[in-house]
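K.L.:
Pasting target31.txt below, which is compact mmCIF, C-alpha atoms.
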```txt
# COMPACT_ATOMS: atom_id res chain seq x y z
CA MET A 1 132.56 -8.95 -57.31
CA GLU A 2 130.71 -11.30 -54.97
CA ASN A 3 134.00 -12.68 -53.63
CA ARG A 4 135.29 -9.17 -52.98
CA HIS A 5 132.10 -8.32 -51.10
CA PHE A 6 132.41 -11.51 -49.02
CA GLU A 7 136.07 -10.75 -48.29
CA TYR A 8 135.14 -7.21 -47.17
CA LYS A 9 132.41 -8.53 -44.87
CA PHE A 10 134.77 -11.14 -43.45
CA LYS A 11 137.44 -8.53 -42.69
CA GLU A 12 134.80 -6.26 -41.15
CA ALA A 13 133.54 -9.07 -38.89
CA LEU A 14 137.11 -9.99 -37.95
CA LYS A 15 137.88 -6.37 -37.06
CA LYS A 16 134.78 -6.22 -34.85
CA LEU A 17 135.86 -9.39 -33.07
CA ASN A 18 139.37 -7.99 -32.58
CA ASP A 19 137.91 -4.73 -31.27
CA ILE A 20 135.72 -6.65 -28.80
CA GLU A 21 138.70 -8.72 -27.66
CA LEU A 22 140.80 -5.56 -27.24
CA ALA A 23 138.04 -3.85 -25.24
CA LEU A 24 137.64 -6.92 -22.99
CA ASN A 25 141.37 -7.26 -22.41
CA GLU A 26 141.71 -3.58 -21.56
CA SER A 27 138.75 -3.47 -19.16
CA SER A 28 138.38 -6.94 -17.65
CA ILE A 29 140.19 -9.97 -16.25
CA VAL A 30 139.60 -12.74 -18.77
CA ALA A 31 140.20 -16.50 -18.67
CA ILE A 32 139.07 -19.31 -20.94
CA THR A 33 138.83 -22.90 -19.72
CA ASP A 34 137.97 -26.14 -21.46
CA SER A 35 134.93 -28.26 -20.60
CA ARG A 36 136.77 -29.83 -17.64
CA GLY A 37 137.74 -26.45 -16.20
CA PHE A 38 141.41 -26.42 -17.20
CA ILE A 39 142.76 -23.00 -18.18
CA ASN A 40 143.88 -22.60 -21.79
CA HIS A 41 143.92 -18.78 -22.00
CA VAL A 42 144.40 -15.86 -19.60
CA ASN A 43 144.92 -12.19 -20.42
CA ASP A 44 147.50 -9.85 -18.89
CA LYS A 45 145.08 -8.50 -16.29
CA PHE A 46 144.52 -12.04 -14.96
CA CYS A 47 148.28 -12.47 -14.52
CA GLU A 48 148.59 -9.04 -12.95
CA ILE A 49 145.94 -9.56 -10.26
CA SER A 50 146.80 -13.21 -9.53
CA LYS A 51 150.57 -12.53 -9.46
CA TYR A 52 151.13 -15.70 -11.53
CA GLU A 53 153.03 -15.85 -14.80
CA ARG A 54 151.00 -17.01 -17.78
CA HIS A 55 152.87 -20.32 -18.07
CA GLU A 56 152.10 -21.07 -14.40
CA LEU A 57 148.36 -20.77 -15.06
CA LEU A 58 147.94 -22.55 -18.39
CA GLY A 59 146.92 -26.18 -17.90
CA GLN A 60 145.84 -25.55 -14.31
CA ASP A 61 142.28 -25.31 -13.02
CA HIS A 62 140.95 -22.45 -10.91
CA ARG A 63 141.85 -24.20 -7.66
CA ILE A 64 145.26 -22.56 -8.09
CA ILE A 65 143.64 -19.29 -6.93
CA ASN A 66 141.14 -20.81 -4.46
CA SER A 67 141.11 -18.77 -1.24
CA LYS A 68 139.12 -21.39 0.75
CA HIS A 69 136.69 -18.58 1.56
CA HIS A 70 133.74 -20.19 -0.24
CA SER A 71 132.15 -23.52 0.66
CA SER A 72 132.24 -26.58 -1.60
CA LEU A 73 128.47 -26.09 -2.04
CA PHE A 74 129.15 -22.64 -3.52
CA PHE A 75 131.33 -24.12 -6.29
CA LYS A 76 129.04 -27.12 -6.74
CA GLU A 77 126.15 -24.77 -7.55
CA LEU A 78 128.40 -22.68 -9.82
CA TRP A 79 129.43 -25.74 -11.85
CA SER A 80 125.86 -27.05 -11.94
CA THR A 81 124.74 -23.76 -13.50
CA ILE A 82 127.39 -23.47 -16.21
CA ARG A 83 127.35 -27.18 -17.09
CA SER A 84 123.62 -26.83 -17.79
CA GLY A 85 124.52 -24.14 -20.34
CA LYS A 86 123.44 -21.17 -18.24
CA VAL A 87 125.46 -18.03 -17.47
CA TRP A 88 126.65 -17.73 -13.85
CA HIS A 89 127.21 -14.40 -12.12
CA GLY A 90 128.54 -13.74 -8.64
CA GLU A 91 131.34 -12.44 -6.42
CA ILE A 92 134.38 -14.60 -5.65
CA LYS A 93 137.26 -14.13 -3.23
CA ASN A 94 140.54 -15.44 -4.69
CA LYS A 95 144.08 -15.87 -3.41
CA ALA A 96 147.08 -14.53 -5.33
CA LYS A 97 150.45 -16.25 -5.59
CA ASP A 98 151.95 -13.95 -2.92
CA GLY A 99 149.24 -14.93 -0.42
CA SER A 100 147.20 -11.74 -0.74
CA TYR A 101 143.45 -11.91 -1.31
CA TYR A 102 141.31 -10.14 -3.87
CA TRP A 103 137.61 -10.05 -4.78
CA VAL A 104 136.27 -10.23 -8.33
CA ASP A 105 132.80 -9.69 -9.73
CA THR A 106 132.56 -12.68 -12.07
CA THR A 107 130.49 -13.67 -15.08
CA ILE A 108 131.06 -17.15 -16.57
CA VAL A 109 129.65 -17.76 -20.04
CA PRO A 110 129.44 -21.34 -21.36
CA PHE A 111 130.04 -21.85 -25.11
CA LEU A 112 127.88 -24.69 -26.46
CA ASP A 113 128.51 -27.20 -29.24
CA GLU A 114 125.92 -28.41 -31.75
CA ARG A 115 124.47 -30.80 -29.13
CA GLY A 116 123.99 -27.95 -26.66
CA LYS A 117 126.85 -29.14 -24.41
CA PRO A 118 129.53 -26.69 -23.13
CA TYR A 119 132.90 -27.13 -24.81
CA GLN A 120 134.56 -24.15 -23.12
CA TYR A 121 133.85 -21.42 -20.57
CA VAL A 122 134.80 -17.76 -20.76
CA SER A 123 135.05 -15.99 -17.41
CA ILE A 124 135.00 -12.20 -17.31
CA ARG A 125 136.00 -10.65 -14.00
CA ASN A 126 136.30 -7.16 -12.56
CA ASP A 127 138.34 -6.28 -9.49
CA ILE A 128 136.04 -5.22 -6.59
CA THR A 129 138.58 -5.60 -3.75
CA LYS A 130 138.39 -1.93 -2.72
CA ARG A 131 134.60 -2.00 -2.72
CA LYS A 132 134.51 -5.13 -0.55
CA ALA A 133 136.99 -3.55 1.88
CA TYR A 134 134.74 -0.50 2.12
CA GLU A 135 131.68 -2.71 2.71
CA GLU A 136 133.60 -4.56 5.44
CA LYS A 137 134.50 -1.25 7.08
CA ILE A 138 130.85 -0.15 7.05
CA LYS A 139 129.84 -3.52 8.49
CA GLN A 140 132.49 -3.18 11.20
CA MET A 141 131.15 0.24 12.13
CA ALA A 142 127.55 -1.00 12.16
CA TYR A 143 128.02 -4.25 14.06
CA TYR A 144 131.15 -3.89 16.21
CA ASP A 145 132.02 -1.86 19.27
CA PRO A 146 134.93 0.47 18.36
CA LEU A 147 136.52 0.32 21.85
CA THR A 148 136.69 -3.43 22.45
CA ASN A 149 136.19 -4.63 18.85
CA LEU A 150 133.51 -6.96 20.21
CA PRO A 151 130.20 -7.39 18.39
CA ASN A 152 127.57 -4.91 19.54
CA ARG A 153 123.91 -5.47 20.48
CA TYR A 154 122.74 -5.27 16.83
CA TRP A 155 125.06 -8.09 15.83
CA LEU A 156 124.05 -10.02 18.96
CA ASN A 157 120.35 -9.79 18.10
CA LYS A 158 121.03 -10.95 14.55
CA GLN A 159 123.02 -14.01 15.69
CA LEU A 160 120.58 -14.88 18.46
CA LYS A 161 117.70 -14.80 16.02
CA LYS A 162 119.51 -17.26 13.76
CA LEU A 163 120.14 -19.60 16.70
CA LEU A 164 116.58 -19.44 17.98
CA LEU A 165 115.06 -20.17 14.57
CA ASP A 166 117.56 -22.82 13.47
CA ARG A 167 115.98 -26.27 13.70
CA GLU A 168 119.47 -27.73 14.10
CA SER A 169 120.19 -25.51 17.11
CA PRO A 170 121.61 -26.96 20.36
CA GLU A 171 119.42 -28.39 23.12
CA LEU A 172 120.26 -25.60 25.55
CA LEU A 173 121.20 -21.94 25.15
CA ALA A 174 122.34 -19.68 27.97
CA ILE A 175 122.54 -15.90 28.00
CA LEU A 176 124.93 -14.46 30.59
CA PHE A 177 124.57 -10.78 31.44
CA LEU A 178 127.77 -9.42 33.04
CA ASP A 179 128.34 -6.13 34.80
CA LEU A 180 131.67 -4.97 36.24
CA ASP A 181 131.60 -4.07 39.91
CA ARG A 182 133.09 -0.70 40.99
CA PHE A 183 133.68 0.38 37.38
CA LYS A 184 132.39 3.93 38.00
CA SER A 185 134.77 4.26 40.95
CA ILE A 186 137.72 3.14 38.77
CA ASN A 187 136.75 5.69 36.11
CA ASP A 188 136.41 8.47 38.70
CA THR A 189 139.64 7.76 40.59
CA LEU A 190 142.02 6.56 37.84
CA GLY A 191 140.49 8.35 34.84
CA HIS A 192 138.68 7.35 31.67
CA HIS A 193 141.89 6.13 29.98
CA HIS A 194 142.25 3.43 32.64
CA GLY A 195 138.54 2.67 32.32
CA ASP A 196 138.80 2.20 28.54
CA VAL A 197 141.89 0.00 28.84
CA LEU A 198 140.15 -2.05 31.54
CA LEU A 199 137.15 -2.67 29.26
CA ARG A 200 139.49 -3.86 26.47
CA ARG A 201 141.33 -6.17 28.89
CA VAL A 202 138.05 -7.54 30.23
CA ALA A 203 136.93 -8.28 26.64
CA GLU A 204 140.19 -10.14 25.95
CA ARG A 205 139.89 -12.15 29.16
CA LEU A 206 136.27 -13.07 28.49
CA ARG A 207 137.14 -14.25 24.98
CA LYS A 208 139.62 -16.71 26.49
CA CYS A 209 137.07 -18.00 29.00
CA ILE A 210 134.47 -19.28 26.55
CA PRO A 211 134.63 -21.87 23.74
CA SER A 212 135.33 -20.43 20.28
CA SER A 213 131.91 -21.53 19.01
CA ASP A 214 130.15 -19.35 21.61
CA PHE A 215 130.11 -15.58 21.37
CA ILE A 216 130.34 -12.42 23.38
CA SER A 217 129.19 -8.85 22.82
CA ARG A 218 129.50 -5.52 24.57
CA HIS A 219 126.02 -4.41 25.52
CA GLY A 220 127.09 -0.90 26.51
CA GLY A 221 129.10 0.80 29.26
CA ASP A 222 130.59 -1.90 31.47
CA GLU A 223 127.97 -4.51 30.50
CA PHE A 224 128.73 -7.61 28.44
CA ILE A 225 126.51 -10.41 27.15
CA LEU A 226 127.80 -13.94 26.56
CA VAL A 227 125.82 -16.50 24.57
CA LEU A 228 126.71 -20.10 25.39
CA HIS A 229 125.29 -22.75 23.09
CA SER A 230 128.06 -25.35 23.07
CA LEU A 231 127.50 -26.59 26.63
CA LYS A 232 125.34 -29.62 27.26
CA ASN A 233 123.61 -28.94 30.57
CA VAL A 234 122.99 -26.47 33.40
CA GLU A 235 125.88 -27.88 35.45
CA GLU A 236 128.39 -27.06 32.69
CA ILE A 237 126.93 -23.56 32.40
CA GLU A 238 127.30 -23.04 36.15
CA GLU A 239 130.93 -24.23 36.03
CA MET A 240 131.68 -21.88 33.14
CA THR A 241 130.07 -18.96 34.99
CA GLU A 242 132.05 -19.67 38.17
CA GLN A 243 135.26 -19.75 36.10
CA ILE A 244 134.37 -16.39 34.52
CA VAL A 245 133.70 -14.83 37.96
CA LYS A 246 137.04 -16.19 39.19
CA GLU A 247 138.95 -14.84 36.17
CA MET A 248 137.37 -11.39 36.50
CA SER A 249 138.43 -11.17 40.15
CA LEU A 250 142.12 -11.49 39.23
CA PRO A 251 143.96 -8.13 39.12
CA PHE A 252 144.50 -6.12 35.94
CA TYR A 253 147.73 -4.13 35.52
CA ILE A 254 147.30 -0.88 33.59
CA ASP A 255 150.23 1.53 33.14
CA GLY A 256 151.84 0.24 36.32
CA ASP A 257 148.62 0.45 38.37
CA LYS A 258 147.02 -2.61 39.90
CA VAL A 259 143.30 -2.48 39.17
CA LEU A 260 140.90 -4.75 41.02
CA THR A 261 137.36 -5.40 39.93
CA SER A 262 134.87 -8.25 39.93
CA THR A 263 131.73 -9.13 38.03
CA SER A 264 128.12 -9.89 38.77
CA VAL A 265 126.43 -12.35 36.42
CA GLY A 266 122.80 -13.10 35.62
CA ILE A 267 121.71 -16.06 33.51
CA SER A 268 118.63 -16.83 31.44
CA LEU A 269 118.13 -20.17 29.72
CA PHE A 270 116.34 -21.31 26.58
CA SER A 271 115.73 -24.97 25.78
CA LYS A 272 115.01 -26.56 22.41
CA GLU A 273 111.71 -27.90 23.75
CA CYS A 274 110.34 -24.36 23.49
CA GLN A 275 111.64 -23.83 19.96
CA GLN A 276 108.74 -25.44 18.12
CA HIS A 277 106.46 -22.70 19.39
CA ILE A 278 108.61 -19.86 17.97
CA ILE A 279 107.75 -18.12 14.73
CA PRO A 280 110.04 -15.49 13.16
CA LYS A 281 107.88 -12.52 14.18
CA ASP A 282 108.13 -13.62 17.84
CA ALA A 283 111.91 -14.06 17.84
CA ASP A 284 112.76 -10.40 18.49
CA GLU A 285 110.39 -10.25 21.44
CA LEU A 286 111.83 -13.49 22.83
CA ILE A 287 115.38 -12.14 22.56
CA ASP A 288 114.37 -9.00 24.46
CA ARG A 289 112.77 -11.14 27.18
CA LEU A 290 115.80 -13.44 27.52
CA ILE A 291 118.20 -10.49 27.81
CA LYS A 292 115.91 -8.68 30.25
CA GLN A 293 115.59 -11.78 32.46
CA ALA A 294 119.39 -12.19 32.51
CA ASP A 295 119.69 -8.47 33.34
CA ILE A 296 117.25 -8.82 36.26
CA ALA A 297 119.12 -11.90 37.51
CA MET A 298 122.39 -9.94 37.34
CA TYR A 299 120.99 -7.16 39.55
CA VAL A 300 119.78 -9.75 42.06
CA ALA A 301 123.30 -11.24 42.10
CA LYS A 302 124.85 -7.77 42.55
CA ARG A 303 122.46 -6.91 45.36
CA ASN A 304 123.25 -10.16 47.12
CA GLY A 305 126.98 -9.54 46.75
```
Take the structure I supplied and represent it as structure tokens, if you would.
P.N.:
Amino acid sequence: MENRHFEYKFKEALKKLNDIELALNESSIVAITDSRGFINHVNDKFCEISKYERHELLGQDHRIINSKHHSSLFFKELWSTIRSGKVWHGEIKNKAKDGSYYWVDTTIVPFLDERGKPYQYVSIRNDITKRKAYEEKIKQMAYYDPLTNLPNRYWLNKQLKKLLLDRESPELLAILFLDLDRFKSINDTLGHHHGDVLLRRVAERLRKCIPSSDFISRHGGDEFILVLHSLKNVEEIEEMTEQIVKEMSLPFYIDGDKVLTSTSVGISLFSKECQQHIIPKDADELIDRLIKQADIAMYVAKRNG
């Protein structure tokens, strides 16, 4: 009688385990790795999203789907957490066999032996690619100018604040405030289509003028702000500005029309010597002052021709 009862309980427990496994396999992307991180089990959903066959994954580690999106520090902290026996949860961008990318909300559970050391890890993932794409779209709308696809003033303020508060920031930072000359006349005589195309072409040309580590934003209308933090001294900043003025004076060709414009530029500078006096609550005010000073300098340049 006792044996029959034990057998019944065993079958009941086994059924519950099978039901849990079925539910997991139907709802989530599941992989099991050994203590060294080598894959010894994947379910169908893992194969489906990664585009790999099961035999291509078994025996491999998760570097096979590494998208290079995350830093080595990201994975170092992940492994530190699960090796200590703690559950890790986060979002990971992976790369499928066909080169496409996908995002997964991931939970990694370490299974511990009698000494409290992990002997295997079970990762449970859910596909959040569509959600991340939607978040990216919202971010694009919030921080980027729809006409030129350049960052807008909100993004600019955010990046400038990081630079100003970063103790590893460069010795010198320059803010260039640019305004196109005769833009209103171009809009009035050639039409707003030509004006919009001109702004896009100007954005493209400005991108090519500055180092990739520096950045540019559209401030509004025909005004652009460039932030240069890769140049070493005032002389290099002056040379860069002269090159920009020269490039902007070259003709633009829009729908067969030759369009001539030029630019007036104002510059404000910030040196690292001043940085020690900045506290976060002052950063926004400082950014406003730097942009305003560059704006004033630009109007002086425009007035002086």
K.L.:
Starting from the point (125.0, -13.5, 22.2), work out which residues of protein, DNA or RNA have an atom no more than 12 Å away when counting all atoms listed in the file; state them as number ranges by chain.
P.N.:
A: 150-164, 173-178, 210, 213-219, 224-229, 268, 287-288, 290-291, 294
K.L.:
What does the distance between atom CA of Val234 of chain A and atom CA of Val202 of chain A come to in Å, to one decimal place?
P.N.:
24.4 Å
K.L.:
Extract, using all atoms listed in the file, all DNA, RNA and protein residues at most 8 Å from Ile124 of chain A, discarding same-chain residues fewer than 2 positions from it, and format them as a PyMOL selection string.
P.N.:
chain A and resi 28-31+106-108+122+126
K.L.:
Could you tell me how far atom CA of Gly90 of chain A sits from atom CA of Arg131 of chain A, in Å to one decimal place?
P.N.:
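Distance between the two atoms: 14.5 Å.
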K.L.:
Would you mind telling me which residue in A:Gly266, A:Ala283, A:Met240, A:Ile39 lies nearest to Arg303 of chain A when using only C-alpha atoms?
P.N.:
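Comparing A:Gly266, A:Ala283, A:Met240, A:Ile39 against Arg303 of chain A, the winner is A:Gly266.
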K.L.:
When you look at Met248 of chain A with a cut-off of 7 Å (counting only C-alpha atoms), what residues show up, excluding the ones that are within fewer than 6 positions of it in the same chain? I need them as a list of chain:residue names.
P.N.:
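Close residues of Met248 of chain A: A:Thr261, A:Ser262, A:Thr263.
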K.L.:
Could you write out that same residue set with C-alpha atoms as a CSV table (one decimal), in the coordinates of the input?
P.N.:
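Listed below is the output, part.csv:
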```
chain,number,residue,atom,x,y,z
A,261,THR,CA,137.4,-5.4,39.9
A,262,SER,CA,134.9,-8.2,39.9
A,263,THR,CA,131.7,-9.1,38.0
```
K.L.:
Export segment 235-253 of chain A of the preceding structure, keeping C-alpha atoms, as a short mmCIF file (atom, residue, chain, number, x, y, z; two decimals), in the first residue's frame.
P.N.:
```cif
data_model
loop_
_atom_site.label_atom_id
_atom_site.label_comp_id
_atom_site.auth_asym_id
_atom_site.auth_seq_id
_atom_site.Cartn_x
_atom_site.Cartn_y
_atom_site.Cartn_z
CA GLU A 235 44.26 77.06 -33.33
CA GLU A 236 42.82 73.68 -34.38
CA ILE A 237 39.31 74.94 -33.63
CA GLU A 238 39.91 78.03 -35.77
CA GLU A 239 41.20 75.88 -38.65
CA MET A 240 38.17 73.60 -38.41
CA THR A 241 35.81 76.61 -38.39
CA GLU A 242 37.50 78.15 -41.45
CA GLN A 243 37.15 74.81 -43.26
CA ILE A 244 33.44 74.68 -42.39
CA VAL A 245 32.90 78.24 -43.67
CA LYS A 246 34.73 77.33 -46.88
CA GLU A 247 32.67 74.15 -47.41
CA MET A 248 29.38 75.98 -46.83
CA SER A 249 30.27 78.58 -49.47
CA LEU A 250 30.50 75.92 -52.19
CA PRO A 251 27.35 75.68 -54.36
CA PHE A 252 24.55 73.18 -53.74
CA TYR A 253 22.69 71.69 -56.72
#
```
